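What follows is a short report on a single structure.
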Amino acid sequence: LESFIRLLRLEGSAPRLEDPAFRGQVFDGVLGIAEWLASAGRPERAAEACRLITEMAPADARGFLGLGQAALAAGDLGSAQGAFGRAKDLSPGLAGAWEGEGRTLLARVARLPEEGSHSPAGMLELESLLVQGVRSFETAANLAGGSEAVRRDLARTLSKLSRLRRRQGLVHEAVTLTTQAEQELRSAIGDFADSPWARLDLAASLFARRRYTESIERHRDARLILESLLASRPADQNRESWRQAATACRQNEAAASYNLALDALNRADFEEAQARIAKACPDPADQNLCAGFRATAAAERDLFEKAVASLESTLARNPQSAAPRLELGDLLARFGRWDEARRQYERLAGDGTSQVEVRDRLASVAPAPDEKLRF
């Protein structure tokens, strides 16, 4: 980098910089090193190099693009947005500038205070950032042919905007935005068949919408790709991230199977529930859960106790798991064990579980032993 900087500052080099070929070679070298510096955790040094290019050639958009990327890596979002904006002005067809602007806007969204996001002013600011972000990523996708990373960022921004529209009461628009986000991910899956990442994003979206069967399929597809990468690239530096993602896939497949089992139990389809639980919980002890729900229907106390013991065993191994705790509370409440049910519900308060569900259940748990909850 120092050699390139000395070359740029060398007296008499300015005329040579007028030669597009020479200038391109020098700038490419500086920008390449700046990109490496930013990825190596030295964004301030990268910004210094890119700033020199903007001074030497203020009409070259690449310098401002590099400056924006360095500022974004350093967390200086104001400078990043200004640099990306200048790069767009100089070269409207530069896809990286639009992509960088979109990622800067998403970073600004992440910095919004949670307590202010429900106020009218906070929601207006959030809406503005997300709408701009969608436009930036859409433009980048159209200019660059739609890389997987850009499409994933576009889908993520559409999903955030969908959640905002739902909070604003615009349900139809929210559904449309979610559908658009999933279409972007499906398109990316078709174009990047060997990559697991768009599949993982789509699986998460489907899970959130309770489309558990398709979510399982997408998680399984992503897991198989990750396991293939782990088997075929033993020395790759990304192995740990692949291993973690594959583990998350297995856990999410199990969680989706668990939810499908609960749906089957609510329909009193015990055979399907047992099959789903077998996939979600390979440990035979956990499969007593199905018997527990059969007990609820038949009021058989011995099976009820087995179900409680099974759920307590599950929670002992994973005390942060919300779904088994919620089911344990429901099961205890159905059999009149109000204080125990209340304790389970209270442990869910503030842990990310739907607080509406928790509040409703706590309000319904009455001390009268002859009353049972109806869910």
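Residues are referred to by chain and number: the chain letter is A, B, ... according to the order shown in the structure tokens, the number counts from 1 in that chain, and ligands are numbered separately from 1 in the order shown.
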Quiz item: Near Leu230 (chain A), within 9 Å and counting only C-alpha atoms, which residues show up once chain neighbours fewer than 4 positions away are dropped, as a list of chain:residue names?
Solution: A:Ile225, A:Leu226, A:Pro234, A:Asp236, A:Arg239, A:Trp242, A:Arg243
Exercise. Would you mind writing down, as a count of residues only, each residue of region 136-267 of chain A that DSSP on the backbone assigns to helix (DSSP H, G or I)?
Key: 111
Exercise. Skip region 85-102 of chain A itself and residues of its chain fewer than 2 positions away, then list as number ranges by chain all residues within 12 Å of it, counting only C-alpha atoms.
Key: A: 54, 57-73, 77-83, 104-109, 129-147, 149-158
Self-check item: Of the listed residues A:Glu327, A:Ser119, A:Ala255, A:Leu161, that which approaches Glu173 (chain A) most closely, counting only C-alpha atoms
Solution: A:Leu161
As a PDB file with N, CA, C and O atoms, in the first residue's frame, please: the residues near Ala261 (chain A) (cut-off 12 Å, only C-alpha atoms, same-chain neighbours under 2 positions excluded).
ATOM      1  N   TYR A 212     -44.623 -25.610   8.377  1.00  0.00           N
ATOM      2  CA  TYR A 212     -43.560 -26.437   8.938  1.00  0.00           C
ATOM      3  C   TYR A 212     -43.071 -27.516   7.980  1.00  0.00           C
ATOM      4  O   TYR A 212     -41.885 -27.833   7.944  1.00  0.00           O
ATOM      5  N   THR A 213     -43.974 -28.112   7.200  1.00  0.00           N
ATOM      6  CA  THR A 213     -43.568 -29.204   6.318  1.00  0.00           C
ATOM      7  C   THR A 213     -42.547 -28.719   5.284  1.00  0.00           C
ATOM      8  O   THR A 213     -41.492 -29.338   5.083  1.00  0.00           O
ATOM      9  N   ALA A 254     -36.051 -30.448  13.793  1.00  0.00           N
ATOM     10  CA  ALA A 254     -36.691 -31.057  14.961  1.00  0.00           C
ATOM     11  C   ALA A 254     -37.790 -30.153  15.520  1.00  0.00           C
ATOM     12  O   ALA A 254     -38.869 -30.621  15.887  1.00  0.00           O
ATOM     13  N   ALA A 255     -37.519 -28.845  15.569  1.00  0.00           N
ATOM     14  CA  ALA A 255     -38.514 -27.909  16.096  1.00  0.00           C
ATOM     15  C   ALA A 255     -39.766 -27.888  15.226  1.00  0.00           C
ATOM     16  O   ALA A 255     -40.895 -27.835  15.733  1.00  0.00           O
ATOM     17  N   ALA A 256     -39.580 -27.932  13.902  1.00  0.00           N
ATOM     18  CA  ALA A 256     -40.735 -27.954  13.000  1.00  0.00           C
ATOM     19  C   ALA A 256     -41.522 -29.247  13.171  1.00  0.00           C
ATOM     20  O   ALA A 256     -42.768 -29.243  13.167  1.00  0.00           O
ATOM     21  N   SER A 257     -40.818 -30.367  13.317  1.00  0.00           N
ATOM     22  CA  SER A 257     -41.505 -31.646  13.554  1.00  0.00           C
ATOM     23  C   SER A 257     -42.277 -31.610  14.867  1.00  0.00           C
ATOM     24  O   SER A 257     -43.392 -32.122  14.972  1.00  0.00           O
ATOM     25  N   TYR A 258     -41.688 -30.990  15.864  1.00  0.00           N
ATOM     26  CA  TYR A 258     -42.358 -30.863  17.163  1.00  0.00           C
ATOM     27  C   TYR A 258     -43.668 -30.086  17.007  1.00  0.00           C
ATOM     28  O   TYR A 258     -44.715 -30.479  17.539  1.00  0.00           O
ATOM     29  N   ASN A 259     -43.630 -28.981  16.264  1.00  0.00           N
ATOM     30  CA  ASN A 259     -44.842 -28.177  16.074  1.00  0.00           C
ATOM     31  C   ASN A 259     -45.892 -28.923  15.255  1.00  0.00           C
ATOM     32  O   ASN A 259     -47.096 -28.799  15.510  1.00  0.00           O
ATOM     33  N   ASP A 263     -49.740 -29.918  16.355  1.00  0.00           N
ATOM     34  CA  ASP A 263     -50.927 -29.745  15.505  1.00  0.00           C
ATOM     35  C   ASP A 263     -51.717 -31.050  15.415  1.00  0.00           C
ATOM     36  O   ASP A 263     -52.954 -31.053  15.490  1.00  0.00           O
ATOM     37  N   ALA A 264     -51.009 -32.159  15.257  1.00  0.00           N
ATOM     38  CA  ALA A 264     -51.682 -33.452  15.163  1.00  0.00           C
ATOM     39  C   ALA A 264     -52.365 -33.811  16.483  1.00  0.00           C
ATOM     40  O   ALA A 264     -53.479 -34.347  16.492  1.00  0.00           O
ATOM     41  N   LEU A 265     -51.713 -33.488  17.593  1.00  0.00           N
ATOM     42  CA  LEU A 265     -52.314 -33.783  18.893  1.00  0.00           C
ATOM     43  C   LEU A 265     -53.583 -32.970  19.109  1.00  0.00           C
ATOM     44  O   LEU A 265     -54.559 -33.455  19.680  1.00  0.00           O
ATOM     45  N   ASN A 266     -53.570 -31.727  18.660  1.00  0.00           N
ATOM     46  CA  ASN A 266     -54.769 -30.899  18.789  1.00  0.00           C
ATOM     47  C   ASN A 266     -55.928 -31.445  17.964  1.00  0.00           C
ATOM     48  O   ASN A 266     -57.102 -31.189  18.276  1.00  0.00           O
ATOM     49  N   ARG A 267     -55.587 -32.205  16.907  1.00  0.00           N
ATOM     50  CA  ARG A 267     -56.639 -32.857  16.099  1.00  0.00           C
ATOM     51  C   ARG A 267     -56.952 -34.251  16.637  1.00  0.00           C
ATOM     52  O   ARG A 267     -57.750 -34.966  16.034  1.00  0.00           O
ATOM     53  N   ALA A 268     -56.296 -34.629  17.727  1.00  0.00           N
ATOM     54  CA  ALA A 268     -56.442 -35.965  18.321  1.00  0.00           C
ATOM     55  C   ALA A 268     -55.978 -37.061  17.367  1.00  0.00           C
ATOM     56  O   ALA A 268     -56.448 -38.200  17.430  1.00  0.00           O
ATOM     57  N   ASP A 269     -55.055 -36.718  16.460  1.00  0.00           N
ATOM     58  CA  ASP A 269     -54.478 -37.709  15.553  1.00  0.00           C
ATOM     59  C   ASP A 269     -53.191 -38.217  16.208  1.00  0.00           C
ATOM     60  O   ASP A 269     -52.091 -37.756  15.921  1.00  0.00           O
ATOM     61  N   PHE A 270     -53.332 -39.194  17.101  1.00  0.00           N
ATOM     62  CA  PHE A 270     -52.211 -39.611  17.922  1.00  0.00           C
ATOM     63  C   PHE A 270     -51.151 -40.378  17.140  1.00  0.00           C
ATOM     64  O   PHE A 270     -49.972 -40.335  17.478  1.00  0.00           O
ATOM     65  N   GLU A 271     -51.548 -41.096  16.099  1.00  0.00           N
ATOM     66  CA  GLU A 271     -50.562 -41.839  15.308  1.00  0.00           C
ATOM     67  C   GLU A 271     -49.614 -40.886  14.591  1.00  0.00           C
ATOM     68  O   GLU A 271     -48.395 -41.080  14.593  1.00  0.00           O
ATOM     69  N   GLU A 272     -50.187 -39.857  13.946  1.00  0.00           N
ATOM     70  CA  GLU A 272     -49.316 -38.890  13.275  1.00  0.00           C
ATOM     71  C   GLU A 272     -48.459 -38.150  14.300  1.00  0.00           C
ATOM     72  O   GLU A 272     -47.265 -37.903  14.071  1.00  0.00           O
ATOM     73  N   ALA A 273     -49.059 -37.810  15.442  1.00  0.00           N
ATOM     74  CA  ALA A 273     -48.299 -37.108  16.471  1.00  0.00           C
ATOM     75  C   ALA A 273     -47.114 -37.938  16.938  1.00  0.00           C
ATOM     76  O   ALA A 273     -46.002 -37.421  17.102  1.00  0.00           O
ATOM     77  N   GLN A 274     -47.341 -39.233  17.148  1.00  0.00           N
ATOM     78  CA  GLN A 274     -46.261 -40.104  17.597  1.00  0.00           C
ATOM     79  C   GLN A 274     -45.138 -40.157  16.565  1.00  0.00           C
ATOM     80  O   GLN A 274     -43.946 -40.111  16.905  1.00  0.00           O
ATOM     81  N   ALA A 275     -45.512 -40.214  15.271  1.00  0.00           N
ATOM     82  CA  ALA A 275     -44.501 -40.256  14.209  1.00  0.00           C
ATOM     83  C   ALA A 275     -43.710 -38.952  14.160  1.00  0.00           C
ATOM     84  O   ALA A 275     -42.484 -38.962  13.979  1.00  0.00           O
ATOM     85  N   ARG A 276     -44.411 -37.824  14.318  1.00  0.00           N
ATOM     86  CA  ARG A 276     -43.724 -36.529  14.291  1.00  0.00           C
ATOM     87  C   ARG A 276     -42.794 -36.376  15.487  1.00  0.00           C
ATOM     88  O   ARG A 276     -41.671 -35.873  15.359  1.00  0.00           O
ATOM     89  N   ILE A 277     -43.253 -36.789  16.653  1.00  0.00           N
ATOM     90  CA  ILE A 277     -42.439 -36.662  17.852  1.00  0.00           C
ATOM     91  C   ILE A 277     -41.202 -37.555  17.742  1.00  0.00           C
ATOM     92  O   ILE A 277     -40.110 -37.199  18.214  1.00  0.00           O
ATOM     93  N   ALA A 278     -41.346 -38.719  17.110  1.00  0.00           N
ATOM     94  CA  ALA A 278     -40.197 -39.608  16.925  1.00  0.00           C
ATOM     95  C   ALA A 278     -39.104 -38.919  16.110  1.00  0.00           C
ATOM     96  O   ALA A 278     -37.913 -39.120  16.345  1.00  0.00           O
ATOM     97  N   LYS A 279     -39.514 -38.072  15.143  1.00  0.00           N
ATOM     98  CA  LYS A 279     -38.529 -37.340  14.349  1.00  0.00           C
ATOM     99  C   LYS A 279     -37.960 -36.159  15.123  1.00  0.00           C
ATOM    100  O   LYS A 279     -36.775 -35.846  15.023  1.00  0.00           O
ATOM    101  N   ALA A 280     -38.827 -35.494  15.907  1.00  0.00           N
ATOM    102  CA  ALA A 280     -38.378 -34.314  16.639  1.00  0.00           C
ATOM    103  C   ALA A 280     -37.544 -34.685  17.848  1.00  0.00           C
ATOM    104  O   ALA A 280     -36.602 -33.975  18.205  1.00  0.00           O
ATOM    105  N   CYS A 281     -37.893 -35.787  18.507  1.00  0.00           N
ATOM    106  CA  CYS A 281     -37.250 -36.181  19.761  1.00  0.00           C
ATOM    107  C   CYS A 281     -36.792 -37.634  19.662  1.00  0.00           C
ATOM    108  O   CYS A 281     -37.548 -38.538  20.063  1.00  0.00           O
ATOM    109  N   GLN A 287     -40.799 -39.237  23.861  1.00  0.00           N
ATOM    110  CA  GLN A 287     -41.967 -39.620  23.083  1.00  0.00           C
ATOM    111  C   GLN A 287     -43.180 -39.897  23.973  1.00  0.00           C
ATOM    112  O   GLN A 287     -44.294 -40.066  23.479  1.00  0.00           O
ATOM    113  N   LEU A 289     -44.520 -37.734  25.465  1.00  0.00           N
ATOM    114  CA  LEU A 289     -45.344 -36.541  25.285  1.00  0.00           C
ATOM    115  C   LEU A 289     -46.653 -36.883  24.587  1.00  0.00           C
ATOM    116  O   LEU A 289     -47.716 -36.377  24.953  1.00  0.00           O
ATOM    117  N   CYS A 290     -46.586 -37.737  23.573  1.00  0.00           N
ATOM    118  CA  CYS A 290     -47.803 -38.125  22.858  1.00  0.00           C
ATOM    119  C   CYS A 290     -48.766 -38.818  23.818  1.00  0.00           C
ATOM    120  O   CYS A 290     -49.968 -38.544  23.819  1.00  0.00           O
ATOM    121  N   PHE A 293     -50.657 -36.289  25.900  1.00  0.00           N
ATOM    122  CA  PHE A 293     -51.822 -35.647  25.305  1.00  0.00           C
ATOM    123  C   PHE A 293     -52.983 -36.624  25.155  1.00  0.00           C
ATOM    124  O   PHE A 293     -54.137 -36.243  25.237  1.00  0.00           O
ATOM    125  N   ALA A 323     -41.150 -23.798  23.881  1.00  0.00           N
ATOM    126  CA  ALA A 323     -42.319 -24.594  23.497  1.00  0.00           C
ATOM    127  C   ALA A 323     -42.647 -25.688  24.511  1.00  0.00           C
ATOM    128  O   ALA A 323     -43.810 -25.819  24.929  1.00  0.00           O
TER     129      ALA A 323
END
